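Presented below is the structure to which this report refers.
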Amino acid sequence: MAAPTLAPPAPASPWGRLRWTLADGVTLIGRELSRLRQEPGELVVALIFPGIMVLLFGYVFGSSIGVPGGGNYREYLMPGLFAMVTFSSVMAVTMRVATDASRGVMDRFRSMPMARSAVPFGHTGADVLSGAVNLVIMAIMGLLVGWQPHRGLWPAVQAFLLIFLFRYAMSWLGCYVGLAVKNEQTADQMLPLVFPVTMLSNAFVPTGGMPAWLRVLSDWNPVSALTTALRQLFGNPGAAVTHPSWPNEHPVAMTVLWSVTLLAVFVPLSIRAYRRKGR
Amino acid sequence: MSEPIVVAEGLHKRFGDTHALRGLDLAVPAGTVCGVLGPNGAGKTTAVRILATLADPDAGHARIGGHDVVRDADRVRAMIGLAGQYAAVDEKLTGRGNLRMFGRLYHLSRRDARRRADELLDRFGLAEAADRQVAGYSGGMRRRLDLIASLILRPRVLFLDEPTTGLDPRSRGEIWDAVRELVAEGTTVLLTTQYLDEADRLADDVAVVDHGRVIATGTPDRLKAAIGDRVDVVLEDASLTVRAADVLARMAGAEAAADPAAGRISVPVAGGAVRLADVVRELDRAGMAPADVSLRRPTLDEVFLRLTDREKETV
Ligand SMILES: Nc1ncnc2c1ncn2[C@@H]1O[C@H](COP(=O)(O)OP(=O)(O)OP(=O)(O)O)[C@@H](O)[C@H]1O
Ligand SMILES: [Mg+2]
């Protein structure tokens, strides 16, 4: 081997370590992007899926569901779809992390002089990036079918920031589950669990007619909180409080609370699980 | 003499009820190749994972280049390479993409990572497939990619867990050549294998592992000498095999292995107690003319079977 390549010495200062961690995280985000380039099919599906959702829900359900307080169902629907897609992103992270763990790529990472936290940060960071692409496509689809933010730029920006925050929190939850399950098959079997959670919310239908106990569950569901918050911030119909409850009246605070709690629990848990995986 | 570069002392590891390692000791001097042999489930992979910092031992210590694999894991990681039993590369990326990514994760500059990837792909005959997705690689190509991913920073200690399992003879030969070259440049190699000829060709020292313990160590020659030479006889008339085996067993004072269909007999002869000329004369006298008589060293396979069989009896 012509040119011996020597390891750059590990940085001693905390600053240098942070730089390594960030650099590793960026490399792993780049990895996700190259994977997408290798599998354009996956990218197309990822792009088409939100479009199909908008059309399917907007026109199939839209023709028979009445919006509380009146208004266009597709305007009512879009915040719910944003929330649902954001929540469901947990599946993708779980699958990717579980695949890495069972195929041994993670073992290679762990045998390298990398920052220990870089791998979870890389996975979650990459997920938020792909979330951004998804969001743009969905927003364009929404505009095409008649949805729009009515309250101006700043509330709309706040709405998108809220989506990102919640998505980031969900991706850490997904990262932890991916590390905790033994293999991809188990992860795959867990996917259907996501569906009922998104349906048990106010994302697609008004919850006013639900039995009381179900409505309580729906109220505290983060998908509902995010949906209501987005309806308020975009000025879309259905934001008015139909039945008073704390999460219903403070949807933004509720979403932030959920996100911060998820992050506080699953960031340390994921990093610990990554270090201990296979020990 | 300085401490061996790889040292394991009394390693224990349990997985639930399975006691995978029960006091495994190992020492590999710098610049040598150590072949770790053992039947399935002996604990080879577990030992390698502990040495490569992927798992912690329940008891015992291991040091690489003087650094403890648990306490100084980062130091250890900077000096080792690992090619595991299963190819640990990203199937969705291209071969080149994998190597560049790993190069970056070793904190090479973007340019160095590219250059190193190209260099290794050329060197190991993967240049042509470099821009294809790994998912479409053959098993052998994957193993090769996995191996070269562990060579990105020339490691001082390279762990190879069954590096040639499932490869065709040509690919095996290529990997052997690569290992020899690395060793010539000063890398220490610890390799596990099921192929004893691989250990025979590559390893300076062999450690036979069974039930989580090292049951024998030494150069392949010493291990072979320890179980003694053998006399192999092929008879002209295969129907006489059983009678001839009796004669030979009496002469050698040991049990003879006979293959009556082929007229073949093999008997261990410890320390030159039996001479070939005596064997020929004795058989002639009994009217069983041999077609061929030869004295030979046992193969490493025979050493392995003997050692692990004995272990089975005592456990
Ligand atoms: N993660 C694990 N969980 C449970 N048991 C394990 C685990 N890893 C290894 N074992 C058990 O430990 C023992 C030793 O396994 P190990 O993989 O080290 O053997 P090996 O010598 O590498 O075998 P092989 O030649 O088949 O690769 C086996 O009985 C195995 O079932
Ligand atoms: Mg093994």
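To be explicit about the labels: the chains of the structure tokens are called A, B, and onward in the order shown, and within each one the residues are counted from 1, while ligands get numbers from 1 in the order they are shown.
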
Env. residues ligand 1 / 7 Å / only C-alpha atoms and all ligand atoms / as a ChimeraX atom specification: /A:278 /B:15-16,18-20,38-47,194

Can those selected residues be exported to a file as a PDB file, in the first residue's frame so that it contains C-alpha atoms?
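Writing done, so here's again.pdb:
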```pdb
ATOM      1  CA  GLY A 278     -24.298  -5.666  21.905  1.00  0.00           C
TER       2      GLY A 278
ATOM      3  CA  PHE B  15     -25.023 -14.298  27.575  1.00  0.00           C
ATOM      4  CA  GLY B  16     -27.851 -15.329  29.868  1.00  0.00           C
ATOM      5  CA  THR B  18     -24.536 -19.326  27.872  1.00  0.00           C
ATOM      6  CA  HIS B  19     -21.049 -19.066  29.310  1.00  0.00           C
ATOM      7  CA  ALA B  20     -19.384 -17.976  26.061  1.00  0.00           C
ATOM      8  CA  GLY B  38     -12.233 -23.540  17.387  1.00  0.00           C
ATOM      9  CA  PRO B  39     -15.476 -25.343  16.649  1.00  0.00           C
ATOM     10  CA  ASN B  40     -18.729 -23.419  16.167  1.00  0.00           C
ATOM     11  CA  GLY B  41     -19.797 -21.681  19.335  1.00  0.00           C
ATOM     12  CA  ALA B  42     -16.347 -21.926  20.911  1.00  0.00           C
ATOM     13  CA  GLY B  43     -16.303 -18.209  21.649  1.00  0.00           C
ATOM     14  CA  LYS B  44     -14.058 -16.907  18.877  1.00  0.00           C
ATOM     15  CA  THR B  45     -16.327 -14.091  17.757  1.00  0.00           C
ATOM     16  CA  THR B  46     -17.089 -13.123  21.335  1.00  0.00           C
ATOM     17  CA  ALA B  47     -13.366 -12.848  22.081  1.00  0.00           C
ATOM     18  CA  GLN B 194     -12.624 -22.673  10.246  1.00  0.00           C
TER      19      GLN B 194
END
```

Using only C-alpha atoms and a distance of at most 7 Å, pull out the residues of chain B that contact chain A, as a VMD selection string. chain B and resid 52 to 56 74 77 to 78 88 to 90 92 to 93 101 104 to 107 153 to 154

Those residues you just picked out, can you put them in a file as a PDB file, in the first residue's frame with N, CA, C and O atoms?
```
ATOM      1  N   ALA B  52     -11.960  -5.902  20.199  1.00  0.00           N
ATOM      2  CA  ALA B  52     -12.195  -4.761  19.306  1.00  0.00           C
ATOM      3  C   ALA B  52     -13.103  -3.712  19.959  1.00  0.00           C
ATOM      4  O   ALA B  52     -13.666  -2.871  19.262  1.00  0.00           O
ATOM      5  N   THR B  53     -13.308  -3.785  21.249  1.00  0.00           N
ATOM      6  CA  THR B  53     -14.073  -2.812  22.056  1.00  0.00           C
ATOM      7  C   THR B  53     -15.577  -2.828  21.770  1.00  0.00           C
ATOM      8  O   THR B  53     -16.285  -1.922  22.199  1.00  0.00           O
ATOM      9  N   LEU B  54     -16.073  -3.847  21.078  1.00  0.00           N
ATOM     10  CA  LEU B  54     -17.516  -3.870  20.805  1.00  0.00           C
ATOM     11  C   LEU B  54     -18.303  -4.458  21.962  1.00  0.00           C
ATOM     12  O   LEU B  54     -19.511  -4.275  22.053  1.00  0.00           O
ATOM     13  N   ALA B  55     -17.643  -5.176  22.833  1.00  0.00           N
ATOM     14  CA  ALA B  55     -18.328  -5.763  23.978  1.00  0.00           C
ATOM     15  C   ALA B  55     -17.396  -5.679  25.177  1.00  0.00           C
ATOM     16  O   ALA B  55     -16.168  -5.646  25.017  1.00  0.00           O
ATOM     17  N   ASP B  56     -17.967  -5.610  26.356  1.00  0.00           N
ATOM     18  CA  ASP B  56     -17.161  -5.586  27.574  1.00  0.00           C
ATOM     19  C   ASP B  56     -17.123  -6.982  28.177  1.00  0.00           C
ATOM     20  O   ASP B  56     -18.136  -7.674  28.181  1.00  0.00           O
ATOM     21  N   ASP B  74     -11.153   4.430  23.325  1.00  0.00           N
ATOM     22  CA  ASP B  74     -10.900   5.326  22.197  1.00  0.00           C
ATOM     23  C   ASP B  74      -9.485   5.169  21.651  1.00  0.00           C
ATOM     24  O   ASP B  74      -9.271   5.171  20.446  1.00  0.00           O
ATOM     25  N   ARG B  77      -9.399   2.017  19.693  1.00  0.00           N
ATOM     26  CA  ARG B  77     -10.088   2.112  18.401  1.00  0.00           C
ATOM     27  C   ARG B  77      -9.231   2.808  17.356  1.00  0.00           C
ATOM     28  O   ARG B  77      -9.373   2.538  16.161  1.00  0.00           O
ATOM     29  N   ALA B  78      -8.376   3.712  17.807  1.00  0.00           N
ATOM     30  CA  ALA B  78      -7.556   4.438  16.844  1.00  0.00           C
ATOM     31  C   ALA B  78      -6.465   3.548  16.255  1.00  0.00           C
ATOM     32  O   ALA B  78      -5.851   3.901  15.262  1.00  0.00           O
ATOM     33  N   ALA B  88     -19.732  -5.677   7.185  1.00  0.00           N
ATOM     34  CA  ALA B  88     -20.334  -4.533   7.858  1.00  0.00           C
ATOM     35  C   ALA B  88     -20.177  -3.284   7.009  1.00  0.00           C
ATOM     36  O   ALA B  88     -19.401  -2.393   7.322  1.00  0.00           O
ATOM     37  N   VAL B  89     -20.899  -3.252   5.906  1.00  0.00           N
ATOM     38  CA  VAL B  89     -20.854  -2.088   5.033  1.00  0.00           C
ATOM     39  C   VAL B  89     -22.290  -1.677   4.718  1.00  0.00           C
ATOM     40  O   VAL B  89     -23.222  -2.440   4.952  1.00  0.00           O
ATOM     41  N   ASP B  90     -22.451  -0.473   4.200  1.00  0.00           N
ATOM     42  CA  ASP B  90     -23.790   0.028   3.896  1.00  0.00           C
ATOM     43  C   ASP B  90     -24.203  -0.454   2.511  1.00  0.00           C
ATOM     44  O   ASP B  90     -23.613  -0.060   1.513  1.00  0.00           O
ATOM     45  N   LYS B  92     -26.681   0.171   0.749  1.00  0.00           N
ATOM     46  CA  LYS B  92     -27.360   1.111  -0.142  1.00  0.00           C
ATOM     47  C   LYS B  92     -26.374   2.027  -0.838  1.00  0.00           C
ATOM     48  O   LYS B  92     -26.712   2.678  -1.813  1.00  0.00           O
ATOM     49  N   LEU B  93     -25.164   2.107  -0.304  1.00  0.00           N
ATOM     50  CA  LEU B  93     -24.163   2.975  -0.929  1.00  0.00           C
ATOM     51  C   LEU B  93     -23.355   2.180  -1.945  1.00  0.00           C
ATOM     52  O   LEU B  93     -23.395   0.963  -1.984  1.00  0.00           O
ATOM     53  N   MET B 101     -17.039   7.387   3.006  1.00  0.00           N
ATOM     54  CA  MET B 101     -17.713   7.700   4.267  1.00  0.00           C
ATOM     55  C   MET B 101     -16.851   7.257   5.453  1.00  0.00           C
ATOM     56  O   MET B 101     -16.630   8.030   6.384  1.00  0.00           O
ATOM     57  N   ARG B 104     -13.950   9.521   6.007  1.00  0.00           N
ATOM     58  CA  ARG B 104     -14.332  10.768   6.682  1.00  0.00           C
ATOM     59  C   ARG B 104     -14.560  10.524   8.166  1.00  0.00           C
ATOM     60  O   ARG B 104     -14.244  11.360   8.995  1.00  0.00           O
ATOM     61  N   LEU B 105     -15.133   9.365   8.475  1.00  0.00           N
ATOM     62  CA  LEU B 105     -15.408   9.079   9.886  1.00  0.00           C
ATOM     63  C   LEU B 105     -14.116   8.770  10.655  1.00  0.00           C
ATOM     64  O   LEU B 105     -14.083   8.828  11.873  1.00  0.00           O
ATOM     65  N   TYR B 106     -13.053   8.423   9.907  1.00  0.00           N
ATOM     66  CA  TYR B 106     -11.729   8.323  10.539  1.00  0.00           C
ATOM     67  C   TYR B 106     -11.083   9.701  10.607  1.00  0.00           C
ATOM     68  O   TYR B 106      -9.916   9.829  10.932  1.00  0.00           O
ATOM     69  N   HIS B 107     -11.815  10.717  10.198  1.00  0.00           N
ATOM     70  CA  HIS B 107     -11.363  12.097  10.249  1.00  0.00           C
ATOM     71  C   HIS B 107     -10.214  12.388   9.291  1.00  0.00           C
ATOM     72  O   HIS B 107      -9.331  13.189   9.598  1.00  0.00           O
ATOM     73  N   LEU B 153      -7.188   3.322   7.594  1.00  0.00           N
ATOM     74  CA  LEU B 153      -6.019   3.810   8.324  1.00  0.00           C
ATOM     75  C   LEU B 153      -5.212   2.569   8.606  1.00  0.00           C
ATOM     76  O   LEU B 153      -5.662   1.742   9.362  1.00  0.00           O
ATOM     77  N   ARG B 154      -4.053   2.434   8.035  1.00  0.00           N
ATOM     78  CA  ARG B 154      -3.367   1.169   8.238  1.00  0.00           C
ATOM     79  C   ARG B 154      -3.339   0.813   9.713  1.00  0.00           C
ATOM     80  O   ARG B 154      -2.641   1.447  10.502  1.00  0.00           O
TER      81      ARG B 154
END
```

So how far away is CA of Val60 in chain A from CA of Leu47 in chain A, in Å? 20.5 Å

So how many Å separate CA of Gln133 in chain B and CA of Gly95 in chain B, to one decimal?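 It comes out at 6.6 Å.
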
Show which residues sit within 10 Å of Leu145 in chain B, as a list of chain:residue names. Count only C-alpha atoms, and ignore same-chain residues fewer than 6 positions away.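 Listed by chain and then number, they are B:Ala83, B:Ala87, B:Ala88, B:Val89, B:Gly95, B:Arg96, B:Asn98, B:Leu99, B:Leu120, B:Leu121, B:Phe124, B:Gly125, B:Leu126, B:Ala130, B:Val134, B:Tyr137, B:Gly139, B:Leu151.
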
File of the preceding selection, N, CA, C and O atoms, as a short mmCIF file (atom, residue, chain, number, x, y, z; two decimals), in the first residue's frame:
```cif
data_model
loop_
_atom_site.label_atom_id
_atom_site.label_comp_id
_atom_site.auth_asym_id
_atom_site.auth_seq_id
_atom_site.Cartn_x
_atom_site.Cartn_y
_atom_site.Cartn_z
N ALA B 83 -12.59 -6.62 10.61
CA ALA B 83 -13.47 -7.14 9.57
C ALA B 83 -14.20 -8.32 10.19
O ALA B 83 -13.61 -9.34 10.48
N ALA B 87 -20.21 -9.05 6.64
CA ALA B 87 -19.73 -7.81 6.04
C ALA B 87 -20.48 -6.62 6.63
O ALA B 87 -21.71 -6.56 6.58
N ALA B 88 -19.73 -5.68 7.19
CA ALA B 88 -20.33 -4.53 7.86
C ALA B 88 -20.18 -3.28 7.01
O ALA B 88 -19.40 -2.39 7.32
N VAL B 89 -20.90 -3.25 5.91
CA VAL B 89 -20.85 -2.09 5.03
C VAL B 89 -22.29 -1.68 4.72
O VAL B 89 -23.22 -2.44 4.95
N GLY B 95 -19.58 0.98 -3.43
CA GLY B 95 -18.35 0.60 -2.77
C GLY B 95 -17.50 1.83 -2.45
O GLY B 95 -17.01 2.00 -1.34
N ARG B 96 -17.38 2.69 -3.44
CA ARG B 96 -16.59 3.90 -3.26
C ARG B 96 -17.21 4.80 -2.19
O ARG B 96 -16.52 5.34 -1.33
N ASN B 98 -18.99 3.91 0.33
CA ASN B 98 -18.71 3.36 1.65
C ASN B 98 -17.33 3.76 2.14
O ASN B 98 -17.17 4.25 3.26
N LEU B 99 -16.33 3.56 1.28
CA LEU B 99 -14.96 3.82 1.72
C LEU B 99 -14.75 5.30 2.01
O LEU B 99 -14.06 5.67 2.96
N LEU B 120 -7.31 1.98 -2.48
CA LEU B 120 -7.66 0.66 -1.98
C LEU B 120 -8.50 -0.11 -2.99
O LEU B 120 -8.34 -1.32 -3.16
N LEU B 121 -9.41 0.59 -3.67
CA LEU B 121 -10.25 -0.09 -4.65
C LEU B 121 -9.40 -0.65 -5.78
O LEU B 121 -9.62 -1.77 -6.25
N PHE B 124 -7.29 -3.73 -4.54
CA PHE B 124 -7.99 -4.98 -4.27
C PHE B 124 -8.97 -5.36 -5.38
O PHE B 124 -9.92 -6.10 -5.15
N GLY B 125 -8.72 -4.83 -6.57
CA GLY B 125 -9.50 -5.27 -7.71
C GLY B 125 -10.98 -4.97 -7.62
O GLY B 125 -11.80 -5.72 -8.15
N LEU B 126 -11.34 -3.91 -6.95
CA LEU B 126 -12.75 -3.56 -6.90
C LEU B 126 -13.05 -2.29 -7.69
O LEU B 126 -14.16 -1.77 -7.66
N ALA B 130 -16.64 -0.30 -8.31
CA ALA B 130 -16.64 0.71 -7.25
C ALA B 130 -17.86 1.60 -7.25
O ALA B 130 -18.30 2.05 -6.20
N VAL B 134 -23.59 -1.62 -3.30
CA VAL B 134 -23.08 -2.83 -2.68
C VAL B 134 -24.13 -3.94 -2.66
O VAL B 134 -23.81 -5.12 -2.71
N TYR B 137 -23.43 -6.58 -5.03
CA TYR B 137 -22.14 -7.25 -5.01
C TYR B 137 -22.32 -8.74 -4.68
O TYR B 137 -23.26 -9.12 -4.00
N GLY B 139 -20.98 -12.18 -2.66
CA GLY B 139 -20.50 -12.35 -1.29
C GLY B 139 -19.01 -12.05 -1.16
O GLY B 139 -18.58 -11.37 -0.24
N LEU B 151 -8.93 -1.27 6.47
CA LEU B 151 -7.52 -0.94 6.19
C LEU B 151 -7.32 0.53 5.89
O LEU B 151 -6.22 0.96 5.56
#
```

Using DSSP on the backbone, list every residue of range 90-205 of chain B that comes out as strand (DSSP E), and give them as a list in words.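 Checking each residue of range 90-205 of chain B, the strand (DSSP E) ones are Val157, Leu158, Phe159, Leu160, Asp161, Thr188, Val189, Leu190, Leu191, Thr192, Thr193 and Asp205 of chain B.
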
Can you list every residue in range 25-198 of chain B that DSSP puts in alpha helix (DSSP H), as a ChimeraX atom specification? /B:44-51,73-79,95-105,110-123,139-149,169-184,196-198

At a cut-off of 12 Å, using only C-alpha atoms, what residues contact Val205 in chain A? Leave out same-chain residues fewer than 4 positions from it and give the result as a list in words.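 Contacts, in chain order: Phe57, Gly58, Phe61, Gly62, Ser64, Ile65, Gly66, Val67, Pro68, Tyr73, Arg74, Tyr76, Leu77, Met78, Pro79, Gly80, Leu81, Thr198, Met199, Leu200, Ser201, Gly209, Met210, Arg215, Ser218, Ser224, Thr227, Thr228 and Gly238 of chain A.
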
Write out, as a PDB file, in the first residue's frame, the residues just selected, with N, CA and C atoms.
```pdb
ATOM      1  N   PHE A  57     -57.301  12.005   1.144  1.00  0.00           N
ATOM      2  CA  PHE A  57     -58.086  12.504   2.276  1.00  0.00           C
ATOM      3  C   PHE A  57     -58.931  13.706   1.865  1.00  0.00           C
ATOM      4  N   GLY A  58     -58.308  14.584   1.102  1.00  0.00           N
ATOM      5  CA  GLY A  58     -58.988  15.829   0.752  1.00  0.00           C
ATOM      6  C   GLY A  58     -60.270  15.592  -0.012  1.00  0.00           C
ATOM      7  N   PHE A  61     -62.524  11.833   1.898  1.00  0.00           N
ATOM      8  CA  PHE A  61     -63.173  12.184   3.162  1.00  0.00           C
ATOM      9  C   PHE A  61     -63.875  13.529   3.032  1.00  0.00           C
ATOM     10  N   GLY A  62     -63.195  14.402   2.306  1.00  0.00           N
ATOM     11  CA  GLY A  62     -63.640  15.807   2.255  1.00  0.00           C
ATOM     12  C   GLY A  62     -65.074  15.962   1.812  1.00  0.00           C
ATOM     13  N   SER A  64     -67.542  14.176   2.640  1.00  0.00           N
ATOM     14  CA  SER A  64     -68.592  13.760   3.567  1.00  0.00           C
ATOM     15  C   SER A  64     -68.398  14.274   4.988  1.00  0.00           C
ATOM     16  N   ILE A  65     -67.285  14.913   5.267  1.00  0.00           N
ATOM     17  CA  ILE A  65     -67.048  15.371   6.642  1.00  0.00           C
ATOM     18  C   ILE A  65     -67.320  16.869   6.744  1.00  0.00           C
ATOM     19  N   GLY A  66     -68.138  17.236   7.736  1.00  0.00           N
ATOM     20  CA  GLY A  66     -68.441  18.646   7.942  1.00  0.00           C
ATOM     21  C   GLY A  66     -67.422  19.275   8.889  1.00  0.00           C
ATOM     22  N   VAL A  67     -66.931  20.430   8.563  1.00  0.00           N
ATOM     23  CA  VAL A  67     -65.959  21.109   9.410  1.00  0.00           C
ATOM     24  C   VAL A  67     -66.702  21.884  10.499  1.00  0.00           C
ATOM     25  N   PRO A  68     -66.309  21.664  11.780  1.00  0.00           N
ATOM     26  CA  PRO A  68     -66.974  22.422  12.842  1.00  0.00           C
ATOM     27  C   PRO A  68     -66.711  23.909  12.650  1.00  0.00           C
ATOM     28  N   TYR A  73     -62.984  21.800   3.841  1.00  0.00           N
ATOM     29  CA  TYR A  73     -62.395  20.637   4.520  1.00  0.00           C
ATOM     30  C   TYR A  73     -60.912  20.509   4.216  1.00  0.00           C
ATOM     31  N   ARG A  74     -60.522  20.822   3.002  1.00  0.00           N
ATOM     32  CA  ARG A  74     -59.103  20.656   2.669  1.00  0.00           C
ATOM     33  C   ARG A  74     -58.228  21.647   3.436  1.00  0.00           C
ATOM     34  N   TYR A  76     -59.039  22.496   6.447  1.00  0.00           N
ATOM     35  CA  TYR A  76     -59.096  21.873   7.768  1.00  0.00           C
ATOM     36  C   TYR A  76     -58.126  20.703   7.834  1.00  0.00           C
ATOM     37  N   LEU A  77     -58.017  20.013   6.703  1.00  0.00           N
ATOM     38  CA  LEU A  77     -57.242  18.774   6.639  1.00  0.00           C
ATOM     39  C   LEU A  77     -55.726  19.001   6.687  1.00  0.00           C
ATOM     40  N   MET A  78     -55.257  20.025   5.983  1.00  0.00           N
ATOM     41  CA  MET A  78     -53.801  20.171   5.802  1.00  0.00           C
ATOM     42  C   MET A  78     -53.019  20.163   7.121  1.00  0.00           C
ATOM     43  N   PRO A  79     -53.416  20.929   8.144  1.00  0.00           N
ATOM     44  CA  PRO A  79     -52.672  20.851   9.407  1.00  0.00           C
ATOM     45  C   PRO A  79     -52.658  19.423   9.961  1.00  0.00           C
ATOM     46  N   GLY A  80     -53.785  18.713   9.813  1.00  0.00           N
ATOM     47  CA  GLY A  80     -53.835  17.331  10.282  1.00  0.00           C
ATOM     48  C   GLY A  80     -52.855  16.447   9.533  1.00  0.00           C
ATOM     49  N   LEU A  81     -52.757  16.665   8.230  1.00  0.00           N
ATOM     50  CA  LEU A  81     -51.816  15.868   7.434  1.00  0.00           C
ATOM     51  C   LEU A  81     -50.371  16.175   7.807  1.00  0.00           C
ATOM     52  N   THR A 198     -52.243   8.040  15.097  1.00  0.00           N
ATOM     53  CA  THR A 198     -52.533   9.216  14.271  1.00  0.00           C
ATOM     54  C   THR A 198     -54.041   9.357  14.047  1.00  0.00           C
ATOM     55  N   MET A 199     -54.762   8.217  14.018  1.00  0.00           N
ATOM     56  CA  MET A 199     -56.198   8.307  13.784  1.00  0.00           C
ATOM     57  C   MET A 199     -56.947   8.757  15.032  1.00  0.00           C
ATOM     58  N   LEU A 200     -56.408   8.400  16.201  1.00  0.00           N
ATOM     59  CA  LEU A 200     -57.067   8.783  17.445  1.00  0.00           C
ATOM     60  C   LEU A 200     -56.700  10.224  17.785  1.00  0.00           C
ATOM     61  N   SER A 201     -57.119  11.133  16.912  1.00  0.00           N
ATOM     62  CA  SER A 201     -56.756  12.534  17.088  1.00  0.00           C
ATOM     63  C   SER A 201     -57.766  13.366  16.319  1.00  0.00           C
ATOM     64  N   GLY A 209     -67.806  14.461  18.685  1.00  0.00           N
ATOM     65  CA  GLY A 209     -68.772  13.392  18.818  1.00  0.00           C
ATOM     66  C   GLY A 209     -68.223  12.127  19.443  1.00  0.00           C
ATOM     67  N   MET A 210     -66.927  12.111  19.801  1.00  0.00           N
ATOM     68  CA  MET A 210     -66.338  10.896  20.388  1.00  0.00           C
ATOM     69  C   MET A 210     -66.862  10.682  21.798  1.00  0.00           C
ATOM     70  N   ARG A 215     -62.191  10.956  23.890  1.00  0.00           N
ATOM     71  CA  ARG A 215     -61.859  12.338  23.596  1.00  0.00           C
ATOM     72  C   ARG A 215     -60.691  12.810  24.465  1.00  0.00           C
ATOM     73  N   SER A 218     -57.623  11.562  22.884  1.00  0.00           N
ATOM     74  CA  SER A 218     -57.352  12.353  21.690  1.00  0.00           C
ATOM     75  C   SER A 218     -56.807  13.731  22.057  1.00  0.00           C
ATOM     76  N   SER A 224     -52.917  15.564  18.027  1.00  0.00           N
ATOM     77  CA  SER A 224     -53.984  16.558  18.147  1.00  0.00           C
ATOM     78  C   SER A 224     -53.415  17.924  18.499  1.00  0.00           C
ATOM     79  N   THR A 227     -51.820  19.411  15.539  1.00  0.00           N
ATOM     80  CA  THR A 227     -52.826  19.779  14.551  1.00  0.00           C
ATOM     81  C   THR A 227     -53.522  21.089  14.931  1.00  0.00           C
ATOM     82  N   THR A 228     -53.972  21.158  16.179  1.00  0.00           N
ATOM     83  CA  THR A 228     -54.668  22.359  16.622  1.00  0.00           C
ATOM     84  C   THR A 228     -53.738  23.573  16.573  1.00  0.00           C
ATOM     85  N   GLY A 238     -61.462  25.160  12.090  1.00  0.00           N
ATOM     86  CA  GLY A 238     -61.446  24.062  13.050  1.00  0.00           C
ATOM     87  C   GLY A 238     -60.576  24.334  14.261  1.00  0.00           C
TER      88      GLY A 238
END
```

Contacts of range 200-214 of chain B within 7 Å, only C-alpha atoms, excl. fewer than 3 positions in-chain, as a VMD selection string: chain B and resid 20 to 25 32 to 39 42 to 43 196 to 197 217 to 220 308

If we count only C-alpha atoms, what is near Ala256 in chain B at a cut-off of 9 Å, once residues fewer than 6 positions away on the same chain are taken out, given as a VMD selection string? chain B and resid 245 to 246 248 to 249 265 to 268
